[in-house]
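> data.cif is reproduced in full below (mmCIF, C-alpha atoms and all ligand atoms).
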```cif
data_data
loop_
_atom_site.label_atom_id
_atom_site.label_comp_id
_atom_site.auth_asym_id
_atom_site.auth_seq_id
_atom_site.Cartn_x
_atom_site.Cartn_y
_atom_site.Cartn_z
CA MET A 1 -5.13 -2.12 6.00
CA SER A 2 -4.92 -5.67 7.37
CA THR A 3 -8.31 -5.86 9.10
CA PRO A 4 -11.54 -6.69 7.22
CA ASP A 5 -13.09 -3.25 7.76
CA GLY A 6 -9.82 -1.26 7.93
CA ALA A 7 -9.81 0.00 4.36
CA ALA A 8 -13.42 1.17 4.58
CA LEU A 9 -12.67 2.95 7.86
CA LEU A 10 -9.60 4.64 6.38
CA ALA A 11 -11.60 5.69 3.32
CA SER A 12 -14.39 7.08 5.48
CA ARG A 13 -11.91 9.12 7.58
CA THR A 14 -10.21 10.31 4.40
CA ARG A 15 -13.54 11.46 2.99
CA SER A 16 -14.32 13.33 6.23
CA ALA A 17 -10.92 15.03 6.08
CA ILE A 18 -10.74 16.00 2.41
CA GLY A 19 -14.35 16.29 1.25
CA ASP A 20 -15.80 15.08 -2.00
CA HIS A 21 -12.84 15.12 -4.40
CA LEU A 22 -9.64 13.07 -4.45
CA ASP A 23 -6.99 13.84 -7.07
CA VAL A 24 -4.38 11.21 -6.25
CA LEU A 25 -4.41 7.95 -4.29
CA VAL A 26 -1.00 6.40 -3.62
CA ALA A 27 -1.40 2.88 -2.23
CA ASN A 28 1.95 2.43 -0.51
CA ALA A 29 1.28 0.48 2.71
CA GLY A 30 2.61 -3.04 2.58
CA VAL A 31 4.20 -5.82 4.56
CA GLY A 32 6.87 -8.29 3.50
CA LYS A 33 8.20 -11.62 4.65
CA ALA A 34 11.23 -13.70 3.70
CA ALA A 35 11.34 -17.38 4.67
CA ARG A 36 12.05 -20.84 3.31
CA ILE A 37 8.96 -22.40 1.69
CA ALA A 38 8.63 -24.70 4.71
CA GLY A 39 8.76 -21.72 7.07
CA TYR A 40 5.56 -20.02 5.93
CA THR A 41 2.41 -20.31 8.05
CA VAL A 42 -1.21 -19.73 7.05
CA GLU A 43 -1.13 -16.63 9.26
CA ASP A 44 1.86 -15.23 7.35
CA PHE A 45 0.12 -15.86 4.04
CA ASP A 46 -3.18 -14.33 5.16
CA ASN A 47 -1.47 -11.28 6.63
CA LEU A 48 0.46 -10.64 3.40
CA TYR A 49 -2.67 -10.93 1.24
CA ALA A 50 -4.94 -9.06 3.67
CA THR A 51 -2.62 -6.06 3.94
CA ASN A 52 -1.16 -5.85 0.46
CA VAL A 53 -4.04 -7.02 -1.74
CA ARG A 54 -7.39 -7.01 0.09
CA GLY A 55 -6.70 -3.70 1.84
CA THR A 56 -5.68 -1.99 -1.40
CA PHE A 57 -8.62 -3.51 -3.34
CA PHE A 58 -11.21 -2.17 -0.88
CA LEU A 59 -9.44 1.16 -0.36
CA VAL A 60 -9.77 1.79 -4.10
CA GLN A 61 -13.40 0.59 -4.05
CA GLN A 62 -14.29 2.92 -1.18
CA LEU A 63 -12.49 5.99 -2.55
CA LEU A 64 -13.64 5.68 -6.16
CA PRO A 65 -16.85 7.64 -5.51
CA ILE A 66 -14.74 10.75 -4.88
CA MET A 67 -12.44 10.25 -7.89
CA SER A 68 -13.31 11.58 -11.33
CA GLU A 69 -11.86 12.81 -14.66
CA GLY A 70 -8.18 13.69 -14.02
CA SER A 71 -7.84 11.68 -10.79
CA ASN A 72 -5.31 8.89 -10.67
CA ILE A 73 -4.13 5.96 -8.59
CA VAL A 74 -0.52 4.87 -8.06
CA VAL A 75 0.05 1.44 -6.53
CA VAL A 76 3.46 0.62 -5.04
CA SER A 77 4.33 -2.80 -6.43
CA SER A 78 7.78 -4.46 -6.42
CA ILE A 79 10.41 -5.89 -8.72
CA GLY A 80 9.24 -9.19 -7.19
CA ALA A 81 6.01 -9.03 -9.22
CA ARG A 82 8.00 -9.90 -12.36
CA PHE A 83 11.41 -11.26 -11.33
CA VAL A 84 12.69 -13.82 -8.86
CA VAL A 85 14.65 -11.93 -6.21
CA GLY A 86 17.34 -13.55 -4.06
CA VAL A 87 19.13 -16.84 -4.49
CA PRO A 88 16.64 -19.62 -5.32
CA GLY A 89 17.01 -22.77 -3.19
CA LEU A 90 14.91 -24.81 -0.77
CA GLU A 91 17.23 -23.84 2.09
CA ASN A 92 17.31 -20.14 1.18
CA PRO A 93 14.81 -17.53 2.33
CA SER A 94 12.48 -16.37 -0.41
CA ILE A 95 9.94 -13.56 -0.69
CA LEU A 96 7.72 -15.64 -2.99
CA ALA A 97 4.44 -15.09 -1.15
CA TYR A 98 5.06 -11.34 -0.84
CA ALA A 99 6.08 -11.24 -4.51
CA SER A 100 2.83 -12.92 -5.49
CA THR A 101 0.83 -10.22 -3.67
CA LYS A 102 2.56 -7.66 -5.88
CA GLY A 103 1.76 -9.77 -8.96
CA ALA A 104 -1.89 -9.70 -7.89
CA LEU A 105 -1.73 -5.92 -7.47
CA GLU A 106 -0.26 -5.46 -10.97
CA THR A 107 -3.13 -7.56 -12.39
CA LEU A 108 -5.57 -5.33 -10.52
CA VAL A 109 -3.82 -2.23 -11.86
CA ARG A 110 -4.40 -3.34 -15.47
CA ASN A 111 -8.05 -4.16 -14.74
CA TRP A 112 -8.69 -0.90 -12.87
CA ALA A 113 -7.00 1.04 -15.68
CA ALA A 114 -9.27 -0.61 -18.26
CA ILE A 115 -12.44 -0.14 -16.21
CA LEU A 116 -11.73 3.44 -15.11
CA GLY A 117 -10.13 4.77 -18.30
CA PRO A 118 -13.46 5.81 -19.84
CA GLN A 119 -14.03 7.96 -16.72
CA GLY A 120 -10.67 9.69 -17.31
CA ILE A 121 -9.07 8.06 -14.24
CA ARG A 122 -5.52 6.67 -14.71
CA VAL A 123 -4.15 3.73 -12.71
CA ASN A 124 -0.46 2.74 -12.66
CA ALA A 125 2.07 0.87 -10.57
CA VAL A 126 5.65 1.67 -9.69
CA ALA A 127 7.85 -1.37 -9.11
CA PRO A 128 10.81 -0.56 -6.86
CA GLY A 129 13.88 -2.75 -6.60
CA VAL A 130 15.73 -2.90 -3.31
CA ILE A 131 15.19 0.35 -1.41
CA GLU A 132 16.84 1.18 1.91
CA THR A 133 13.94 1.07 4.39
CA ASP A 134 12.93 -1.04 7.40
CA MET A 135 11.44 -3.62 5.03
CA SER A 136 14.82 -4.33 3.42
CA ASN A 137 16.90 -4.54 6.59
CA PHE A 138 18.92 -7.37 5.00
CA THR A 139 20.81 -4.59 3.16
CA LYS A 140 22.34 -3.57 6.49
CA THR A 141 24.63 -6.62 6.33
CA ASP A 142 27.57 -6.76 3.89
CA ALA A 143 26.23 -10.00 2.37
CA GLY A 144 22.76 -8.53 1.87
CA ARG A 145 24.17 -5.37 0.36
CA GLU A 146 26.26 -7.44 -2.06
CA VAL A 147 23.19 -9.42 -3.21
CA ALA A 148 21.30 -6.18 -3.84
CA LEU A 149 24.15 -4.44 -5.67
CA GLY A 150 24.94 -7.62 -7.61
CA MET A 151 21.64 -7.55 -9.46
CA GLN A 152 21.70 -3.82 -10.23
CA ALA A 153 23.34 -1.88 -13.07
CA LEU A 154 23.62 1.25 -10.92
CA LYS A 155 25.89 0.47 -7.97
CA ARG A 156 24.26 2.06 -4.95
CA LEU A 157 21.23 1.16 -2.87
CA GLY A 158 17.93 2.77 -3.83
CA LYS A 159 16.49 5.43 -1.53
CA PRO A 160 12.85 6.23 -0.75
CA GLU A 161 13.16 9.53 -2.64
CA ASP A 162 14.21 7.62 -5.80
CA VAL A 163 10.74 6.05 -5.73
CA ALA A 164 8.89 9.13 -4.47
CA ASP A 165 10.08 11.22 -7.45
CA VAL A 166 8.67 8.66 -9.90
CA VAL A 167 5.39 8.44 -7.98
CA ALA A 168 5.16 12.24 -8.14
CA PHE A 169 5.74 12.12 -11.91
CA ILE A 170 3.20 9.35 -12.54
CA ALA A 171 0.65 11.17 -10.40
CA SER A 172 1.21 14.42 -12.28
CA ASP A 173 -0.35 15.62 -15.50
CA ASN A 174 3.04 15.12 -17.20
CA ALA A 175 2.14 11.41 -17.19
CA ARG A 176 -1.35 12.04 -18.60
CA TRP A 177 -0.96 9.46 -21.40
CA ILE A 178 0.27 6.64 -19.14
CA THR A 179 -2.22 4.19 -17.67
CA GLY A 180 -2.21 0.48 -16.88
CA ALA A 181 1.60 0.52 -16.67
CA SER A 182 4.12 -0.71 -14.13
CA ILE A 183 7.22 1.46 -14.08
CA PRO A 184 10.43 -0.20 -12.81
CA VAL A 185 12.31 1.98 -10.29
CA ASP A 186 15.19 -0.33 -9.56
CA GLY A 187 18.54 1.06 -10.72
CA GLY A 188 18.50 -1.35 -13.66
CA SER A 189 17.96 -4.58 -11.73
CA LYS A 190 18.02 -8.02 -13.36
CA LEU A 191 18.94 -6.67 -16.80
N1 LIG B 1 11.98 -1.50 0.70
C1 LIG B 1 12.03 -2.16 -0.43
O1 LIG B 1 13.09 -2.70 -0.82
C2 LIG B 1 10.79 -2.29 -1.29
C3 LIG B 1 10.94 -2.84 -2.57
C4 LIG B 1 9.83 -2.96 -3.39
C5 LIG B 1 8.61 -2.51 -2.95
N2 LIG B 1 8.48 -1.99 -1.69
C6 LIG B 1 7.14 -1.55 -1.29
O2 LIG B 1 7.19 -0.20 -0.88
C7 LIG B 1 6.10 0.05 0.01
C8 LIG B 1 6.65 0.78 1.23
O3 LIG B 1 7.48 -0.14 1.94
P1 LIG B 1 8.78 0.33 2.75
O4 LIG B 1 9.97 -0.23 2.06
O5 LIG B 1 8.71 1.78 3.04
O6 LIG B 1 8.57 -0.57 4.04
P2 LIG B 1 8.41 -0.17 5.56
O7 LIG B 1 9.50 0.77 5.95
O8 LIG B 1 8.26 -1.45 6.28
O9 LIG B 1 7.05 0.65 5.56
C9 LIG B 1 5.82 -0.02 5.36
C10 LIG B 1 4.71 0.99 5.39
O10 LIG B 1 3.47 0.29 5.30
C11 LIG B 1 2.65 0.67 6.40
N3 LIG B 1 1.85 -0.47 6.87
C12 LIG B 1 2.28 -1.74 7.09
N4 LIG B 1 1.27 -2.51 7.54
C13 LIG B 1 0.18 -1.69 7.59
C14 LIG B 1 -1.18 -1.90 7.95
N5 LIG B 1 -1.63 -3.10 8.35
N6 LIG B 1 -2.03 -0.85 7.90
C15 LIG B 1 -1.58 0.37 7.48
N7 LIG B 1 -0.31 0.63 7.12
C16 LIG B 1 0.56 -0.40 7.16
C17 LIG B 1 3.62 1.11 7.48
O11 LIG B 1 2.95 1.95 8.36
P3 LIG B 1 3.52 2.16 9.89
O12 LIG B 1 4.82 2.84 9.74
O13 LIG B 1 2.46 2.98 10.51
O14 LIG B 1 3.65 0.79 10.43
C18 LIG B 1 4.68 1.83 6.67
O15 LIG B 1 4.26 3.13 6.36
C19 LIG B 1 5.47 -1.32 0.31
O16 LIG B 1 4.32 -1.50 -0.48
C20 LIG B 1 6.55 -2.30 -0.11
O17 LIG B 1 6.03 -3.55 -0.46
C21 LIG B 1 9.54 -1.87 -0.87
#
```
What do you get writing this file as structure tokens?


Amino acid sequence: MSTPDGAALLASRTRSAIGDHLDVLVANAGVGKAARIAGYTVEDFDNLYATNVRGTFFLVQQLLPIMSEGSNIVVVSSIGARFVVGVPGLENPSILAYASTKGALETLVRNWAAILGPQGIRVNAVAPGVIETDMSNFTKTDAGREVALGMQALKRLGKPEDVADVVAFIASDNARWITGASIPVDGGSKL
């Protein structure tokens, strides 16, 4: 997903494997980075945008020919698309560049939903809060865990299956009247 031709290659292999019809595309791959503003390099920035935004944009472009009435796309966004996460401060690490890639994805979701709606194709985002995975390894420290729990109404860390269940719902026909939306999956964060 981070190389210029990676998304096209993935789409071509997908088409060889599944044939000429795709019901559901879940764009989940992503990379993150937390650093002080001064700590970001051009390489960091390009890698975040190449993987999270460019890769997803061209994956959708390349797979659209095998999507049709009833197909749908679910993009994994983040709470960071809409809210500032962490403790703001020049000396504190921030995920601002990563968060902005998710903001870009949510803008794409609304545009794709508008463009593809007449074809009967739905496009939505899910926006997880802090979920216990490799990406959020700061939650493995007591301080990190406290920051995460401090912003949530529900007092436990989110798990991958908390997000997967919502993705499964959005991708299903039960969500047939939802498109262009971003669904928070964050235990009531930043209320
Ligand atoms: N964890 C959180 O707190 C959190 C919160 C909000 C949103 N999210 C989003 O949730 C999604 C999943 O993240 P995660 O938490 O599961 O993080 P993760 O454990 O770091 O997993 C990232 C996933 O992205 C794939 N990936 C990364 N770079 C790739 C590349 N260049 N090409 C293809 N695949 C690539 C990884 O594949 P490999 O395993 O093969 O490397 C892995 O499957 C991401 O979009 C992330 O931004 C996570």

> Hey, what's within 8 Å of Asn52 of chain A if we count only C-alpha atoms and toss same-chain stuff fewer than 6 positions away? As a CSV table (one decimal) with C-alpha atoms, in the coordinates of the input, please?


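Below is the file that was written, result00.csv:
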```
chain,number,residue,atom,x,y,z
A,1,MET,CA,-5.1,-2.1,6.0
A,2,SER,CA,-4.9,-5.7,7.4
A,29,ALA,CA,1.3,0.5,2.7
A,30,GLY,CA,2.6,-3.0,2.6
A,31,VAL,CA,4.2,-5.8,4.6
A,101,THR,CA,0.8,-10.2,-3.7
A,102,LYS,CA,2.6,-7.7,-5.9
A,105,LEU,CA,-1.7,-5.9,-7.5
```

> Quick one: of A:Arg156, A:Arg82, A:Arg145, A:Arg176, who's nearest to Gly117 of chain A, counting only C-alpha atoms?

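Using only C-alpha atoms, the shortest distance to Gly117 of chain A belongs to A:Arg176.
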
> Could you produce a table of the residues of chain A lying within 10 Å of ligand LIG 1 (chain B), with the nearest pair of atoms per residue and their separation in Å rounded to one decimal, using all atoms listed in the file, ordered by chain and increasing residue number, as CSV?


```
residue,atom,partner,partner_atom,distance
A:Met1,CA,B:LIG1,N6,3.9
A:Ser2,CA,B:LIG1,N5,4.3
A:Thr3,CA,B:LIG1,N5,7.3
A:Gly6,CA,B:LIG1,N6,7.8
A:Ala7,CA,B:LIG1,N6,8.6
A:Leu10,CA,B:LIG1,C15,9.2
A:Ala27,CA,B:LIG1,O16,7.4
A:Asn28,CA,B:LIG1,O16,4.6
A:Ala29,CA,B:LIG1,O10,3.4
A:Gly30,CA,B:LIG1,O16,3.8
A:Val31,CA,B:LIG1,C12,5.2
A:Gly32,CA,B:LIG1,O17,6.2
A:Lys33,CA,B:LIG1,O17,9.8
A:Asn47,CA,B:LIG1,N5,8.4
A:Leu48,CA,B:LIG1,N4,9.2
A:Ala50,CA,B:LIG1,N5,8.3
A:Thr51,CA,B:LIG1,N5,5.4
A:Asn52,CA,B:LIG1,O16,7.1
A:Gly55,CA,B:LIG1,N6,8.2
A:Val75,CA,B:LIG1,O16,8.0
A:Val76,CA,B:LIG1,O16,5.1
A:Ser77,CA,B:LIG1,C5,5.5
A:Ser78,CA,B:LIG1,C4,4.0
A:Ile79,CA,B:LIG1,C4,6.1
A:Gly80,CA,B:LIG1,C4,7.3
A:Ala81,CA,B:LIG1,C4,9.2
A:Tyr98,CA,B:LIG1,O17,7.9
A:Ala99,CA,B:LIG1,O17,8.7
A:Thr101,CA,B:LIG1,O17,9.0
A:Lys102,CA,B:LIG1,O17,7.6
A:Val126,CA,B:LIG1,C5,8.5
A:Ala127,CA,B:LIG1,C4,6.3
A:Pro128,CA,B:LIG1,C4,4.3
A:Gly129,CA,B:LIG1,C3,5.0
A:Val130,CA,B:LIG1,O1,3.6
A:Ile131,CA,B:LIG1,O1,3.7
A:Glu132,CA,B:LIG1,N1,5.7
A:Thr133,CA,B:LIG1,O7,4.7
A:Asp134,CA,B:LIG1,O7,4.1
A:Met135,CA,B:LIG1,O8,4.0
A:Ser136,CA,B:LIG1,N1,4.8
A:Asn137,CA,B:LIG1,N1,8.3
A:Phe138,CA,B:LIG1,O1,9.5
A:Thr139,CA,B:LIG1,O1,8.9
A:Ala148,CA,B:LIG1,O1,9.4
A:Leu157,CA,B:LIG1,O1,9.2
A:Gly158,CA,B:LIG1,O1,7.9
A:Lys159,CA,B:LIG1,N1,8.6
A:Pro160,CA,B:LIG1,O5,7.2
A:Val163,CA,B:LIG1,O2,8.7
A:Pro184,CA,B:LIG1,C4,9.8
A:Val185,CA,B:LIG1,C4,8.8
A:Asp186,CA,B:LIG1,C3,8.6
```

> So what do you get for atom CA of Asp44 of chain A versus atom CA of Leu64 of chain A, distance-wise?

29.3 Å

> So, with only C-alpha atoms as the atoms that count, which of A:Asp165, A:Asp5, A:Asp23, A:Glu146 lies closest to Ile73 of chain A?

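Closest residue, counting only C-alpha atoms: A:Asp23.
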
> Between atom CA of Ala113 of chain A and atom CA of Val167 of chain A, what is the distance, to one decimal in Å?

16.4 Å

> Just how far from atom CA of Val84 of chain A is atom CA of Ala97 of chain A, in Å to one decimal?

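Atom CA of Val84 of chain A lies 11.4 Å from atom CA of Ala97 of chain A.
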
> Nearest to Ile170 of chain A among A:Ala38, A:Leu108, A:Ile115, A:Ala125, with distances taken over only C-alpha atoms: which residue is it?

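With only C-alpha atoms as the atom set, the closest residue is A:Ala125.
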
> So, with only C-alpha atoms as the atoms that count, which of A:Leu25, A:Met67, A:Ala35, A:Leu191 lies closest to Gln152 of chain A?

A:Leu191

> For Ile121 of chain A, which residue among A:Ser71, A:Thr56, A:Ser182, A:Gln61 is the nearest when counting all atoms listed in the file?

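Checking each candidate against Ile121 of chain A, we get A:Ser71 as the closest.
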
> As lines of an AutoDock Vina configuration file, please: the centre and edge lengths in Å, to one decimal, of an axis-aligned box enclosing every listed atom of segment 66-70 of chain A with 5 Å added on each side.


```
center_x = -11.5
center_y = 12.0
center_z = -9.8
size_x = 16.6
size_y = 13.4
size_z = 19.8
```

> Using all atoms listed in the file and a cutoff of 10 Å, can you tell me which residues are near (7.7, -19.9, 4.8) in the file's coordinates, and write them out as number ranges by chain?

A: 33-42, 44-45, 93-97
